[in-house]
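In what follows, a single structure is set out as C-alpha cells and then discussed.
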Amino acid sequence: MKALKGLAISFSVVLAIFVGAAQADEVRVPISEQGSGAAIETPKSGITQASVEQKFGSPQAVHGPVGDPPITKWVYSGFTVYFEYDRVIHTVIHHR
C-alpha cells in the first residue's frame with residue numbers, strides 16, 4: 001500500500017511537470033527588436049537616398065539597382081538599407 005501511494009505521488013509530480021510544460025507561454029520578439037538591446041538609429045521608410053546619406057554618411061557598400069522596380073541596397077556598419085527607386089522601403093539591423 002505504501003508503494004502504491006509513493007507511485008501515485010510520483011505520477012502526480014510527473015503529470016504536473018508535463019502539464020506545466022504544455023501550458024508554457026510562447027514569447028515572440030520581432031526581428032527588428034532582436035539583438036544586443038542597444039538602440040540603434042536607422043533610416044525610416046519613405047525618406048530619400050540623399051537624406052540617408054546626409055544623416056548617416058556614405059555607405060560602406062552599394063549593391064544594385066536590381067529588378068523592376070529597381071531595388072538598391074546600401075550597407076552600413078550596423079544596418080542595411082533597401083531602396084525602391086530613391087526611397088527607403090526597409091532597414092535591417094545586423095546581428096552582432
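Scheme for the C-alpha cells: letters A, B, ... for chains in order shown; per-chain residue numbers from 1; ligand numbers from 1 in order shown.
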Those in segment 35-82 of chain A with helix (DSSP H, G or I) from DSSP, as JSON, numbers by chain: {"A": [49, 50, 51, 52, 53, 54, 55, 56]}
Distance query segment 54-71 of chain A at most 7 Å, only C-alpha atoms, self and fewer than 6 positions along chain excluded, as an MDAnalysis selection string: chainID A and resid 82:85
Residue neighbourhood segment 88-92 of chain A, 8 Å, only C-alpha atoms, exclusion window fewer than 2 positions, as a VMD selection string: chain A and resid 32 42 to 49 79 to 84 86 94
For the selection just defined, write its residues with all heavy atoms to a file, as a CSV table (one decimal), in the first residue's frame.
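Just written: part.csv:
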```
chain,number,residue,atom,x,y,z
A,32,SER,N,13.1,43.0,-35.9
A,32,SER,CA,13.7,44.4,-35.8
A,32,SER,C,14.0,44.7,-34.4
A,32,SER,O,14.8,45.7,-34.1
A,32,SER,CB,12.7,45.4,-36.4
A,32,SER,OG,11.5,45.4,-35.6
A,42,THR,N,18.1,54.2,-37.2
A,42,THR,CA,18.2,53.7,-38.6
A,42,THR,C,17.3,54.6,-39.5
A,42,THR,O,16.4,55.3,-38.9
A,42,THR,CB,17.7,52.3,-38.7
A,42,THR,OG1,16.3,52.2,-38.2
A,42,THR,CG2,18.6,51.3,-38.0
A,43,PRO,N,17.5,54.6,-40.8
A,43,PRO,CA,16.6,55.4,-41.7
A,43,PRO,C,15.2,54.9,-41.7
A,43,PRO,O,15.0,53.7,-41.6
A,43,PRO,CB,17.2,55.2,-43.0
A,43,PRO,CG,18.6,54.8,-42.8
A,43,PRO,CD,18.6,54.0,-41.5
A,44,LYS,N,14.2,55.8,-41.7
A,44,LYS,CA,12.8,55.4,-41.7
A,44,LYS,C,12.3,55.2,-43.1
A,44,LYS,O,12.8,55.9,-44.1
A,44,LYS,CB,12.0,56.5,-41.0
A,44,LYS,CG,12.4,56.7,-39.6
A,44,LYS,CD,12.4,55.5,-38.7
A,44,LYS,CE,12.9,55.8,-37.3
A,44,LYS,NZ,13.6,54.7,-36.7
A,45,SER,N,11.3,54.4,-43.3
A,45,SER,CA,10.7,54.2,-44.6
A,45,SER,C,10.2,55.5,-45.2
A,45,SER,O,9.7,56.4,-44.5
A,45,SER,CB,9.5,53.2,-44.5
A,45,SER,OG,10.0,52.0,-44.1
A,46,GLY,N,10.4,55.6,-46.5
A,46,GLY,CA,9.9,56.8,-47.3
A,46,GLY,C,10.9,57.9,-47.5
A,46,GLY,O,10.7,58.8,-48.3
A,47,ILE,N,12.0,58.0,-46.7
A,47,ILE,CA,13.0,59.1,-46.9
A,47,ILE,C,13.9,58.8,-48.1
A,47,ILE,O,14.0,57.6,-48.6
A,47,ILE,CB,13.8,59.4,-45.7
A,47,ILE,CG1,14.7,58.3,-45.3
A,47,ILE,CG2,12.9,59.8,-44.5
A,47,ILE,CD1,15.7,58.6,-44.1
A,48,THR,N,14.5,59.8,-48.7
A,48,THR,CA,15.3,59.7,-49.9
A,48,THR,C,16.7,59.2,-49.6
A,48,THR,O,17.2,59.3,-48.5
A,48,THR,CB,15.3,61.0,-50.6
A,48,THR,OG1,16.1,61.9,-49.8
A,48,THR,CG2,14.0,61.5,-51.0
A,49,GLN,N,17.3,58.7,-50.7
A,49,GLN,CA,18.7,58.3,-50.6
A,49,GLN,C,19.6,59.5,-50.1
A,49,GLN,O,20.5,59.4,-49.3
A,49,GLN,CB,19.3,57.8,-51.9
A,49,GLN,CG,18.7,56.4,-52.3
A,49,GLN,CD,19.2,55.9,-53.6
A,49,GLN,OE1,19.5,56.7,-54.5
A,49,GLN,NE2,19.2,54.6,-53.8
A,79,PHE,N,23.7,48.4,-40.0
A,79,PHE,CA,22.4,48.1,-40.6
A,79,PHE,C,22.6,48.1,-42.2
A,79,PHE,O,23.6,48.6,-42.7
A,79,PHE,CB,21.3,49.1,-40.2
A,79,PHE,CG,21.7,50.5,-40.4
A,79,PHE,CD1,21.4,51.2,-41.6
A,79,PHE,CD2,22.3,51.2,-39.4
A,79,PHE,CE1,21.7,52.5,-41.8
A,79,PHE,CE2,22.7,52.6,-39.6
A,79,PHE,CZ,22.4,53.2,-40.8
A,80,THR,N,21.5,47.6,-42.8
A,80,THR,CA,21.5,47.7,-44.3
A,80,THR,C,20.1,48.3,-44.7
A,80,THR,O,19.1,48.0,-44.1
A,80,THR,CB,21.5,46.3,-44.9
A,80,THR,OG1,22.8,45.7,-44.6
A,80,THR,CG2,21.4,46.3,-46.4
A,81,VAL,N,20.2,49.2,-45.6
A,81,VAL,CA,19.0,50.0,-46.1
A,81,VAL,C,18.7,49.5,-47.5
A,81,VAL,O,19.5,49.5,-48.4
A,81,VAL,CB,19.3,51.5,-46.1
A,81,VAL,CG1,18.0,52.3,-46.4
A,81,VAL,CG2,19.8,52.0,-44.7
A,82,TYR,N,17.4,49.3,-47.7
A,82,TYR,CA,16.9,48.9,-49.0
A,82,TYR,C,16.0,50.0,-49.6
A,82,TYR,O,15.2,50.6,-48.9
A,82,TYR,CB,16.0,47.6,-48.9
A,82,TYR,CG,16.9,46.4,-48.5
A,82,TYR,CD1,17.1,46.1,-47.2
A,82,TYR,CD2,17.4,45.6,-49.5
A,82,TYR,CE1,17.9,45.0,-46.9
A,82,TYR,CE2,18.2,44.5,-49.2
A,82,TYR,CZ,18.4,44.2,-47.8
A,82,TYR,OH,19.2,43.1,-47.5
A,83,PHE,N,16.3,50.4,-50.9
A,83,PHE,CA,15.6,51.4,-51.5
A,83,PHE,C,14.8,50.9,-52.7
A,83,PHE,O,15.3,50.0,-53.4
A,83,PHE,CB,16.6,52.5,-52.1
A,83,PHE,CG,17.4,53.2,-51.0
A,83,PHE,CD1,18.6,52.7,-50.6
A,83,PHE,CD2,16.9,54.3,-50.4
A,83,PHE,CE1,19.4,53.3,-49.7
A,83,PHE,CE2,17.7,55.0,-49.5
A,83,PHE,CZ,18.9,54.5,-49.1
A,84,GLU,N,13.6,51.4,-53.0
A,84,GLU,CA,12.9,51.2,-54.2
A,84,GLU,C,13.0,52.6,-54.9
A,84,GLU,O,12.5,53.6,-54.4
A,84,GLU,CB,11.5,50.8,-54.0
A,84,GLU,CG,10.7,50.6,-55.3
A,84,GLU,CD,9.3,50.1,-55.0
A,84,GLU,OE1,9.2,49.0,-54.4
A,84,GLU,OE2,8.4,50.8,-55.5
A,86,ASP,N,14.5,55.8,-55.3
A,86,ASP,CA,15.4,56.5,-54.4
A,86,ASP,C,14.8,56.6,-53.0
A,86,ASP,O,15.2,57.5,-52.2
A,86,ASP,CB,15.7,57.9,-55.0
A,86,ASP,CG,14.6,58.9,-54.9
A,86,ASP,OD1,13.4,58.4,-54.9
A,86,ASP,OD2,14.8,60.1,-54.7
A,94,HIS,N,21.9,44.7,-38.4
A,94,HIS,CA,22.8,43.5,-38.4
A,94,HIS,C,22.8,42.9,-37.0
A,94,HIS,O,22.9,43.6,-36.0
A,94,HIS,CB,24.2,43.9,-38.8
A,94,HIS,CG,24.2,44.5,-40.2
A,94,HIS,ND1,25.3,45.2,-40.6
A,94,HIS,CD2,23.3,44.5,-41.2
A,94,HIS,CE1,25.1,45.7,-41.8
A,94,HIS,NE2,23.9,45.3,-42.2
```
Length of the atom CA of Lys73 of chain A to atom CA of Arg28 of chain A vector [Å]: 27.6 Å
Residue list (strand (DSSP E), DSSP) for segment 42-78 of chain A, as a ChimeraX atom specification: /A:61-66,71-75
